[in-house]
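Written below as C-alpha cells is the structure these notes are about.
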Amino acid sequence: MNNFQGWAAARGPAPRGRVPRGRGRGGIRGNFRRPGNQAPGAGRGRVYQGNAHEYGNRNENMQPRDRGDQIRPMGYKRLEDLEQNESSQDIIITLGNDRSGLEQLLRGDRGKLDDGMVQMLLKVFGKMLEADGPGNYLSHVLCLITKYDFVTRLTQFLYGLPTEQSVMRREKAPIHLTNALKLAKALLAVMPSESEKTVSMMMCIVKTVMEGLGGILEVQPVYNDVNEILGGVGEEMKKKREKHKRRKAGLDGVKELSQLEPPDDFRQIPVFPQLQDIQVDSQPFIRPNLISGAYRGIDHYLDVQYRLLREDFIRPLRDGINEIREFGDSDAKHRFENVKVYHDVRVLFPKADDKGVLHRIQFSTENFGNIRWQNTKRLLFGNLLCFSSDMFQREVLFAVVADRKPEDLEVGNLTVAFVYDDEGEEENLDSDDEIDEDAVGAEAIPRGRRPAAARSLIDMRKVYTMVETDAYFEAYRHVLAGLRDTASLPLERYIVSCEPDMHAPAYLRPGTRARVEYDFSSITGQKTKVDVLGYQWPSSDELSLNQSQAEGLKLALTHELAILQGPPGTGKTHVGLEIMKILLKNKAVWAQPRADAPNAPSSRPILVVCYTNHALDQFLEGIAKFSSNESVIVRVGGRCKNEVTKQFSLYEIRQKRRKNPDRSQGTKATRKAIWDLRDQMKTRQHEISVNVNQLEASLRIIQKLSNLGIPIQFKRQFQDACAPGNIDVDEELLSWLGLKAKTKEVVYHEEIGNLQPYTLMFLRSLQHTDEEIGRAFYEIGEDNLHTLHAHILAHKEEWMKYNNETRVEELVEEEEDMKEEADMVQQQRMLDSDEFRRIAPAKNTEDEMKQLMEKMGAMTFDDIHHKDVLQENGDGWQQTSKDKKKSKRMLRKQLSKTSIMTDEEEHSVYNIYELPIEERWRLYRTWVNRWREQFLVASDSQIIEYNRLAAQLAQLRRLEDAEILQGADVVAVTTTGAAKYRDLIYKLKSKIVVVEEAAEVLEAHIVTAMPKSTEHLILIGDHQQLKPSPTVYALAKQFNMDTSLFERLMKVHIPHVTLNIQHRMRPEIADLIRPRIYKDLQDHESVLYRDEITGVAKPVFFISHDVHEDNLRDGRTKQNLHEVDFLIALCDYLLKQGYEPEQITILVMYTGQLFAFRNAMPQKLRRGVRVTAVDNFQGEENDIILLSLVRSNDKASIGFLATENRICVALSRARLALYCIGNMDLLSTKSSMWHQILGHLENADSVGESLTLQCKNHPDRLTPVKTALDFKNVPEGGCGQQCQMRLECGHVCRRLCHPDDHSKNKCTKPCEKLLECGHRCSRPCYAACTACVKMVTKLLRCGHEQKVRCSESPVDVSCQAKVEEHLPCGHSIKVECAKSGKVDQTNCTEKCNSFLECDHACKGNCVKCYQGRLHMPCAKSCGRTLICGHKCTSKCSSCPPCERKCQTQCVHSKCANKCGQPCTPCKEKCSWQCKHRECTMLCSEPCNREPCNEPCEKNLKCGHPCIGLCGEPCPNLCRICDEEKVTEIFFGDEEEPDARFVQLMDCKHVFTYENLDQWMNQKEDGNAIKMKECPRCKTTVWKSTRYGNIINKLLDSVNKVKEKQWGDAMLANESRGQLRDEFRKDQIMKKYHALELKGILEKLEARPSPGKLVAIEKAFRRLQSLYNLEQARDKLKAGDETIPRKYLSAFDNDIKMMTKWVMLERSQTSEQEDENFQNEISRLKHVLEYIKLFARWTQQSDPDLEVTGHIQILRQKLLETFRPYNAAIKATVAKSFKRIYEKAPGLMSTLGISEAEKKMICNAMGFAAKGHWFECPKGHVYAIGDCGGATTTAKCPECGSRIGGERHQLDPYNRVSEVMDGARRSAYDEDMDRNHIPQEMLRDLHQEGFF
C-alpha cells in the first residue's frame, strides 16, 4: 500500500487544475470556415454543405450520422471480465486508454449509475490499485473519477449498506469499504487539493457505516491510514491558504528591493501578459515607488513605474488563476478574491464593428441567479478577460469587454474584443515617422509601424473557462506602451532627480526673451501689466484673492513645475481657473502661431488633464465663462451630458466640420478616403454577416420547429398533439416548453370547498394555509388527511420558492430606472469613439434583425414584453400579466443555460411529453446546437481583411482629429482619453500642461500624458483627500503605488503652496478635520456667520448605533438598512423645515448602500435629494450632508472607513450642517483618526445614540430620535403640541406644531356665516360661501314630499319615492317616482322559478331568462360521486369527466392524464416475485401466480425478524419493538404469536393477511364499481402487488366507464380541428363576434373532453345562426333607407341578449335549450320579415284596414309579447303574414306586384340573360335592352331622376336591380367577362372627378 509515493513520483507534480467542465461538445465547434475547408477529424463540428433547408431535411428523415468515431460506454459484463480475468496492471492500462469507454460510463451516457454498477466499478478500482502501474495511465483514471464526481455517488452507495436488504451485498460490505478506502488513499496521494473535500465527506459516511454494521475489524487499519493521510492533506491545504494570504499581502523585504538591479531590460517585457506571467508561483521583480528620495536615473524611474503598473493588472489574474488551480473552481468554501469565474463559455460568432471584428460569446448563468446585472460591476466595458480550454495550462486567450447590455448578460451573452500582443500596434513616438496629413488610405499609416493583421480566429469548437479581472485594460495598455517607448522625460530634474531648485518655464526665461509682461486685466478688472518674473506683483486684494491663493497663483505662473494643494473649500479650482484666465489672455507669450496661418489659433494648446468627466466638465465650464469667442476649446472624454461643455466635445466639433463645405482640401481628401473605406467595410461586413444574423437572432427567440429540422419521430409527436389538419406546431412547441399556459389558472384556495369539514379544520390547525391545502388537494385529488399533510410538507418549500421568485421578478420590473454605479464606471472609461457602432445604419440593422427574429421565431422577448396577443396563422391566444412574467422569467433562465443532451441521451428519449421541463429544455437546446453547426460562416481571410480596413479607418480618423486638436487653444482630456489619444497629444507639442485632481491620478498616467515639448507643468489637487486607486491593495500599501506624483514631489520638498483659508464649512464642521488632517486650515469670515440649522439642536451630530450591516451577494459592498431608514426620515424632517431638496445630499460609503437608499426612498425625495457615493462627490459641496457609514459587525471590520483620505472627503462636504450615522464605538477602536474625531465630538457633546430635534416654534421642546420610528413623534416637523396660532380668519390652527408659515394653510373649520335664507354656511372656512346646502322638506310636483337642499327648487328635484311600475313582461317592480314610465322589461328582477328539463327550478330572473324564452343553465350543484371516487363539481346532473389529476398509480409510475380520461396501462414487467413464485406478466395484466403465504426470512433494521410475508414489502413495524402497535386489535387475530401481516404501501397501515385478503375479495353491493380502500383510513389502495389482480380488474371496469364518458378522442380531435379550420376560413364572422370567437378558441386550446367539446361546438353553431341573422339585417338596412330604426334597435338588443346567453359556461347542453334557441331564431327571422313588410306598408297611400289589423297583430306577437315563442304564437304569425300577402300582393316586393306578375313581365321582355333590369336612385325599376350596357341617359318617368349611362358605364347613382331576376351584375359585364366594378366604387370615382 506504499505505492502511492511511487505513482506520484512517476507522474510528476500533481495537477492543480481541474479537468475543464462540460462535455467538450455543444456550442459551435470549429472555426468559421467555408464548406470544404473543414479540417479533418472535426467530428460533430464538421461543416454540412448546403443550406439550412437541406440540413433540416437530412435530420427530418433521420439519416444516421457517421458514428464511427463515437465511443460506447463500458458495460457491466466488460467490467466483470476485467475484474475476473485481467491483472491489476492490465486493468490500469485498459481503463487509462482514452477509448476504453470509462469516461462515457462515468459521465452518464448510459444513464445514472445504479448500485450494481457502482459495486462493480468499486471492485475493478480496488483490484487496479493493487498494482504499481504506469503513473500517467493511473493519473488519467483518477482524473476521470474526480471529474465526474464518482466519489459522491460512491458515498451514496456506502450510506445505504447498513439498510441493504440484499444479504449478499451486506456480507460484502467490508470488501466494499476496503476498496473505497483504497480509492480515497490514491486520490489523496495523487490529487490532494482536488479530492480533499469529497474524500472528507466520504470518510464521515464510512465511519457511520462501520458503526452501523457493528464494527468491521479488517477495515479499521485502512480507515486509520486514510484518515491520517487526510489530516496531513488538510494541514497542507491550510498552509497553502495561509501562503496565499501572505502572497496577497505582498512580499517581505520591500525596502531592500529598491536597492536591487533589475534582472532584465523592462523595454523587452511585453505589455501583454504572457503564459508564464500567470503560471509562476514566485513574484516577478518589482521595486517600490520611491517617496523619500531621488531615482538614480531615467531608466531606474521608468523601470519602477513600468513594472509596478504591469504587475497591478497582472497580479489579480495570476493570483486568481493560482487559486483556481489550488482549490478548484467550484469550491464553495473558498471565495475567489481576485477574479470572477465563468464556466461553459462558448464563442458563438463574429460581430463587425467599425473598429474591427468583435465576437459574441455565451457563458452559463446558472450560478448567477440573484445578480442584478444593471447594478453589478461585473463585465464592465474594458474589463480584462482571460480564456482557457485547459484550465490555463497551455492555452490562454485575452479579450476585453466591448459592448455591455444588461438584458444580454441576463441570458449569458456578451460581446468581447479579443486582443493580441502586437508590438507594431503602438506607434513609435520617439521615431521621426510623422503622419503625412495629405496621404490617405493605407499610406497614411507610418511605415515601419503599421498594425499587424489580426491573429487567426478563435476555435469555436472548444468550451472555455473565462476569468475576469476588474482591470481596465485599455488604460494600462496605452500607458505601459508610453512608458516603454519613452527615452527621456520633460522636467526630469524634478520628477526623477527631485531637485528642489526650481526654474521658471523655458518660454519665460531671459535667454528666450528679454522681459515678459503679463496682462492681468482679466482678474484685476483694470489694465495691469506685470513683469511675471519680477518682484512687483499685485497684492492679493488687487487680485481678489486671499494671501495663500495669491501665492499659489504666482507659483503656478513662475515655476516650471508648480504644485498647488487645496484643502476642502479653499478654492483650488477657482485659483486654477484664474491661472487659465491669465494664460489665455497672454497666449502670445507661450503660443506658437501656425506657419500656414499666423492669425489662426495656437498650434500648441494648453493641455488640461482631469481624472473624471465630472471634474473635466466643471473646469471647462469655468473656462467657458471667461474665454473669448476666439478661443478654441476641445474636450476629449466620455459622452458629455453637460450642455455648456457639450459644444466643446471632439465628437460635436468633428460633426460640425463634416457639414462645413469650406473645410480644407486635406480634410476633404481624408473624408473621401474614410467613406471609401466604409464602403469596403460594408461589403466585407455583409460577407461576414451572411449567416451571423441568424445566429444572433437565435439568441433571443424560441425557434420554429420547421427551422430546426428535428428528428422525424419527435416531429410526429408534436403533430399528433395538434389537431388534424393543423400544420403549425410552433404553438405546441411553446406549450411543451412551458411558455404558453393552455389551461385556466387554478385558484387553489377555492379547492378547499371539496374537502370534508373535519379534514380542513385539522389541516388548518397544523398551520397550513388554505392556499397550500387547496393546492395539495388539486395535485393529488384525495380527501385523505395524512396524504394531504405529507404532500404539503414535501412540496411547501418548492411552492414558497416559486412564489418568492415571482415576487422578486415583479419588484425588479416595477423598479424605476436609475443611474447605476456600473454605468458611472463605464462613462468614466468610455470615450465617444468607444461606443459600439455598426458600419451599416443602426436603424436598418435593427429592422432587419427584428424581421429575421419574427421570421425565425415561434416566440421572442418582444412577444412577452410588448404584445398582449400573439398571432400565428390567424389564431389568437392571450397571456395574463402573471403568465407573461412567468414566461419571461423562464425564457430568460433557459436561454442562458448551456447544457444539452448527448446523442445517447437524445436517442433514449421515447416520449418527449414524459420528460420533465428541465430535460425538455436540454433537448430543445440540443436541436438548436445542431442547427447552429451549419453556420460556420466566415473565413480567416475575410476577418483579417476586415480588421485591416478597420485599422486604416482608425488611422484616417486620427488624422481628422489631429487637425481639430492642433487648431485649439485648450485641449481638455480625462486621464483615460490622454492614454488612448497619447499619439495625438504628443504631436500637439503643448508647452503647458495643467492637471486638475492631480493627487488622484497614478504617476505613470501623468508622465505619459506629458508631451516631450512640455515646459510648464501645473499640478492642482489635494493628496489628503482622495488618492490613486491601484487594483492591487498590496502594491498600494507596500510599494507606495497609491502615492501620486503630486504627493511624492511634496514629500521630497519640491516647492509648493498650500491654500489655507476655507470658504465652505461652518467652524464646527471644519473642526472635524483640523488639526488632525490640516494643521493650518483657517476659516474665512464668511463662514462664521452661517445660518443656524432649523429643526435640529446642533449643526453637527454623529448618531452612534450597533445595528449590524447586511452583506450583499456579488461583491464586497455592504448595506445597513437601519441607517437607510433613519436618514430617509431625517431628510423628510429637514424638508418639512423648509429646506429645498437640492440643499440636501446623502453620502454613502458603499455602493450597496446607494441602491438601498434608491430602492427605499419615496418619490418626492428622489426628485431633488441627491444620493451618491463619497468617492463620486469629491470636489463638490452642499448645505446639508447626511452621511451613512454603514459598517457595523461582530468581526470588528471597518474596511476602507479607516482610510484617512476618505474620512477627509466625507467630513468636509457640508456648508451648514453635517449629520452622520454609524457604529462610532467600532470605528474609534479600529482607527486612530476616528478615535480622535470621537474624542472631539464627545467634548463638543455632538455624539450620542439619539439626535436631538428642536422645535422651531417652541425652542424649549426637544425631541430625541434614535430610530426612524421616533420621527413619528414629530409628524409635521415641529413638536407634539398643537399649533394654536390664530389665523387670518380668526380661527385657531388645528394642525400639530409645524415649522412652515400659515400662508399656504387652509382653515378647515366650518364657515358659520349667516346666509340670506337664515341658515349658516356649512362649507370649510377657506372656501367661498355658496348656495345653502342645508336639507329641508319640500313638496314636489308629483305630490310627494322629500328632503332637498334649501337652495334647490322643487321643480328641478328628482323624486326618490318608491312607486309600483307595471312592466311589459307582466311583472311589477318598485322604482323611483322620477323613473316611472322610463323602465321596461330589462329592469325586471322577478325570479323565474320555472322548472327546467332536469326538474330543477330555474335560478334566473325575468331579465336573465329573457322573459322565460331562454333560461339560464341549471346552477344546482351535482355533488354525485364519480366513478373515480371524486365528487362531481359540475352543475346539475351532467357529470362531465373529472378534470382533476388522475390518482391511479402502481409501484412503477403514476398516470399523467386527467382523472376522467382513460388511463394508459402500465407496460412495465410485474414486480411481484419471491424465491417461491414469480409473475411473468406485465404490471397491468392479470398475474399468473398465486400469493405466497410463507413467512418473510429477512431481518428488520432493528435486527428482529420481519412479521411480513415472503415477496411482500416488509412492514415497518416490529413484533418486539412495536408490540403495542402490532397487537392493536382491529380484525381480532392480531395478538396471535404466529400472525403474519401485510402493509398497504399507500397509507402504511398494517393488517393480518388472512383478514385483509378477505376484505379485498369482498364484492361491492349491487353493481357499484369502486376501488378498494384501506379498512382503517379509507385511503384508496393502488400500490399492492399482492392484490394486483383485484386492483387491475377494478381499474379495467373503471376505464371502460371512463372511455364511455370521455368519448372517442380521435373523433374529438378531428372535430376540434374542423372547428379551428372554420375559424380561419370565416374571417367576416370575426368582425361581428371577435371576443366570443376568441373565448371559444381558448376553450378549444385547453383540450376539453369529447363531451365538453360538444357544448363548445354547439355554442359556435349558435353564434353562426346569430351571425346569419345579423348579415340579413345589414343587407336589409343597406337596401332600403325607409326601414324603421326603432324596430331594428329592438332586433339588435335581442341579438345582444342571445349572444350573452350563448356564451354562458356550460359543460353540456339540453334539448330544452336547443328548442328554446331555435324558437327565438324563428322569431327573429319573422321580425326581419315584419320590418321589411312594415316599411312597404307605410309607403302605401291607402292601406287596407284588414292588412293594417294584421300588421298590428304581427307587431304585438313579434315585438311586444314577452313569453316563449310557442307553436300557437307561430301559427298566429304565419296566418297574419299569409292573409296580408293575399290581400295586398304588392307588399311582397318593392315593385308592388306579385311574383306571378313579375315572371310574366320578364318572359314578355324576352331577355336572353339576367342583368337587364336596373333601378334609379330612388328605387324605380327600368330595363336596358340589346347587350344590357348603358349607352345613353334619360329621366325616370316616376321621379325624374337620371337613368342609364354612357359608353356602357351605368350612371354611378343607378344600380342593378335584383328584385326582378336576381342578377347582381349587368348583362354587359357578364358578356364582356371583364372585371366588375361595384356601383358603390363607381359612385365614389364619379364624385372624385374620374367620370
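Every chain in the C-alpha cells takes a letter, A first, then B, and so on in the order presented; its residues are numbered from 1, and the ligands are numbered from 1 following the presented order.
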
Please report, as a ChimeraX atom specification, each residue of range 1080-1142 of chain A to which DSSP assigns alpha helix (DSSP H) when run on this structure's backbone.
/A:1121-1136

Skipping near chain neighbours, those fewer than 4 positions away, what residues fall within 10 Å of His1452 in chain A using only C-alpha atoms, listed as a list in words?
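Near neighbours after the sequence-gap exclusion: Cys1466, Lys1467, Glu1468, Lys1469, Cys1470, Ser1471, Cys1483 and Lys1583 of chain A.
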
Using CA of Glu1715 in chain A and CA of Lys1391 in chain A as the two end points, give the distance in Å to one decimal.
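Atom-to-atom, CA of Glu1715 in chain A to CA of Lys1391 in chain A, that is 21.8 Å.
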
If we count only C-alpha atoms, what is near Asp1091 in chain A at a cut-off of 12 Å, once residues fewer than 2 positions away on the same chain are taken out, given as a PyMOL selection string?
chain A and resi 1065-1066+1086-1089+1093-1094+1099+1183-1184+1215-1217

Can I get the selection written as a PDB file, in the first residue's frame, with N, CA, C and O atoms?
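Contents of result-v5.pdb, freshly written:
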```pdb
ATOM      1  N   MET A1065     -17.125  75.464   4.992  1.00  0.00           N
ATOM      2  CA  MET A1065     -17.726  74.843   6.170  1.00  0.00           C
ATOM      3  C   MET A1065     -17.853  75.820   7.334  1.00  0.00           C
ATOM      4  O   MET A1065     -16.961  76.642   7.541  1.00  0.00           O
ATOM      5  N   ARG A1066     -18.959  75.681   8.047  1.00  0.00           N
ATOM      6  CA  ARG A1066     -19.022  76.439   9.292  1.00  0.00           C
ATOM      7  C   ARG A1066     -17.966  75.886  10.238  1.00  0.00           C
ATOM      8  O   ARG A1066     -17.534  74.734  10.091  1.00  0.00           O
ATOM      9  N   SER A1086     -16.607  84.684   6.127  1.00  0.00           N
ATOM     10  CA  SER A1086     -17.955  84.438   5.628  1.00  0.00           C
ATOM     11  C   SER A1086     -18.581  83.199   6.261  1.00  0.00           C
ATOM     12  O   SER A1086     -19.818  83.093   6.350  1.00  0.00           O
ATOM     13  N   VAL A1087     -17.771  82.233   6.687  1.00  0.00           N
ATOM     14  CA  VAL A1087     -18.338  81.012   7.261  1.00  0.00           C
ATOM     15  C   VAL A1087     -18.671  81.172   8.732  1.00  0.00           C
ATOM     16  O   VAL A1087     -19.293  80.288   9.333  1.00  0.00           O
ATOM     17  N   LEU A1088     -18.234  82.281   9.329  1.00  0.00           N
ATOM     18  CA  LEU A1088     -18.503  82.489  10.759  1.00  0.00           C
ATOM     19  C   LEU A1088     -19.941  82.878  11.013  1.00  0.00           C
ATOM     20  O   LEU A1088     -20.417  82.792  12.155  1.00  0.00           O
ATOM     21  N   TYR A1089     -20.615  83.289   9.978  1.00  0.00           N
ATOM     22  CA  TYR A1089     -21.985  83.800  10.162  1.00  0.00           C
ATOM     23  C   TYR A1089     -22.989  82.976   9.358  1.00  0.00           C
ATOM     24  O   TYR A1089     -23.975  83.492   8.850  1.00  0.00           O
ATOM     25  N   ILE A1093     -28.962  75.983  11.728  1.00  0.00           N
ATOM     26  CA  ILE A1093     -29.803  74.943  11.150  1.00  0.00           C
ATOM     27  C   ILE A1093     -31.151  74.950  11.849  1.00  0.00           C
ATOM     28  O   ILE A1093     -31.249  75.157  13.065  1.00  0.00           O
ATOM     29  N   THR A1094     -32.210  74.772  11.095  1.00  0.00           N
ATOM     30  CA  THR A1094     -33.571  74.790  11.637  1.00  0.00           C
ATOM     31  C   THR A1094     -34.036  73.385  11.956  1.00  0.00           C
ATOM     32  O   THR A1094     -33.872  72.473  11.142  1.00  0.00           O
ATOM     33  N   PRO A1099     -25.690  71.770  14.711  1.00  0.00           N
ATOM     34  CA  PRO A1099     -25.406  71.674  13.273  1.00  0.00           C
ATOM     35  C   PRO A1099     -24.525  70.475  12.919  1.00  0.00           C
ATOM     36  O   PRO A1099     -24.454  70.090  11.751  1.00  0.00           O
ATOM     37  N   ASP A1183     -25.349  72.314   1.210  1.00  0.00           N
ATOM     38  CA  ASP A1183     -25.656  72.935   2.508  1.00  0.00           C
ATOM     39  C   ASP A1183     -25.725  71.901   3.622  1.00  0.00           C
ATOM     40  O   ASP A1183     -25.160  72.081   4.706  1.00  0.00           O
ATOM     41  N   ILE A1184     -26.455  70.821   3.379  1.00  0.00           N
ATOM     42  CA  ILE A1184     -26.653  69.804   4.419  1.00  0.00           C
ATOM     43  C   ILE A1184     -26.189  68.462   3.878  1.00  0.00           C
ATOM     44  O   ILE A1184     -26.595  68.036   2.800  1.00  0.00           O
ATOM     45  N   ARG A1215     -21.779  72.636   4.106  1.00  0.00           N
ATOM     46  CA  ARG A1215     -21.637  74.064   4.419  1.00  0.00           C
ATOM     47  C   ARG A1215     -22.332  74.410   5.728  1.00  0.00           C
ATOM     48  O   ARG A1215     -21.782  75.105   6.571  1.00  0.00           O
ATOM     49  N   LEU A1216     -23.583  73.963   5.891  1.00  0.00           N
ATOM     50  CA  LEU A1216     -24.372  74.383   7.054  1.00  0.00           C
ATOM     51  C   LEU A1216     -24.441  73.323   8.143  1.00  0.00           C
ATOM     52  O   LEU A1216     -24.357  73.638   9.329  1.00  0.00           O
ATOM     53  N   ALA A1217     -24.648  72.060   7.747  1.00  0.00           N
ATOM     54  CA  ALA A1217     -24.883  71.030   8.764  1.00  0.00           C
ATOM     55  C   ALA A1217     -24.381  69.692   8.257  1.00  0.00           C
ATOM     56  O   ALA A1217     -24.450  69.393   7.057  1.00  0.00           O
TER      57      ALA A1217
END
```

Surrounding residues of Asn1766 in chain A excluding itself and chain neighbours under 6 positions, 12 Å, only C-alpha atoms, as a PyMOL selection string:
chain A and resi 1412-1413+1715-1720+1722-1723+1757-1758+1772-1773

Those residues with C-alpha atoms, as a compact mmCIF listing (two decimals), in the first residue's frame please?
```
# COMPACT_ATOMS: atom_id res chain seq x y z
CA GLY A 1412 -88.78 32.80 -19.97
CA ARG A 1413 -87.70 32.42 -23.59
CA GLU A 1715 -85.67 24.09 -28.65
CA ASN A 1716 -85.87 27.49 -26.94
CA PHE A 1717 -82.94 28.84 -29.01
CA GLN A 1718 -84.45 27.68 -32.29
CA ASN A 1719 -87.76 29.27 -31.34
CA GLU A 1720 -86.04 32.59 -30.80
CA SER A 1722 -87.52 31.72 -35.84
CA ARG A 1723 -88.98 34.75 -34.10
CA LYS A 1757 -96.78 38.94 -31.30
CA LEU A 1758 -93.26 39.51 -32.52
CA THR A 1772 -100.92 33.27 -35.46
CA VAL A 1773 -97.91 34.97 -37.05
```
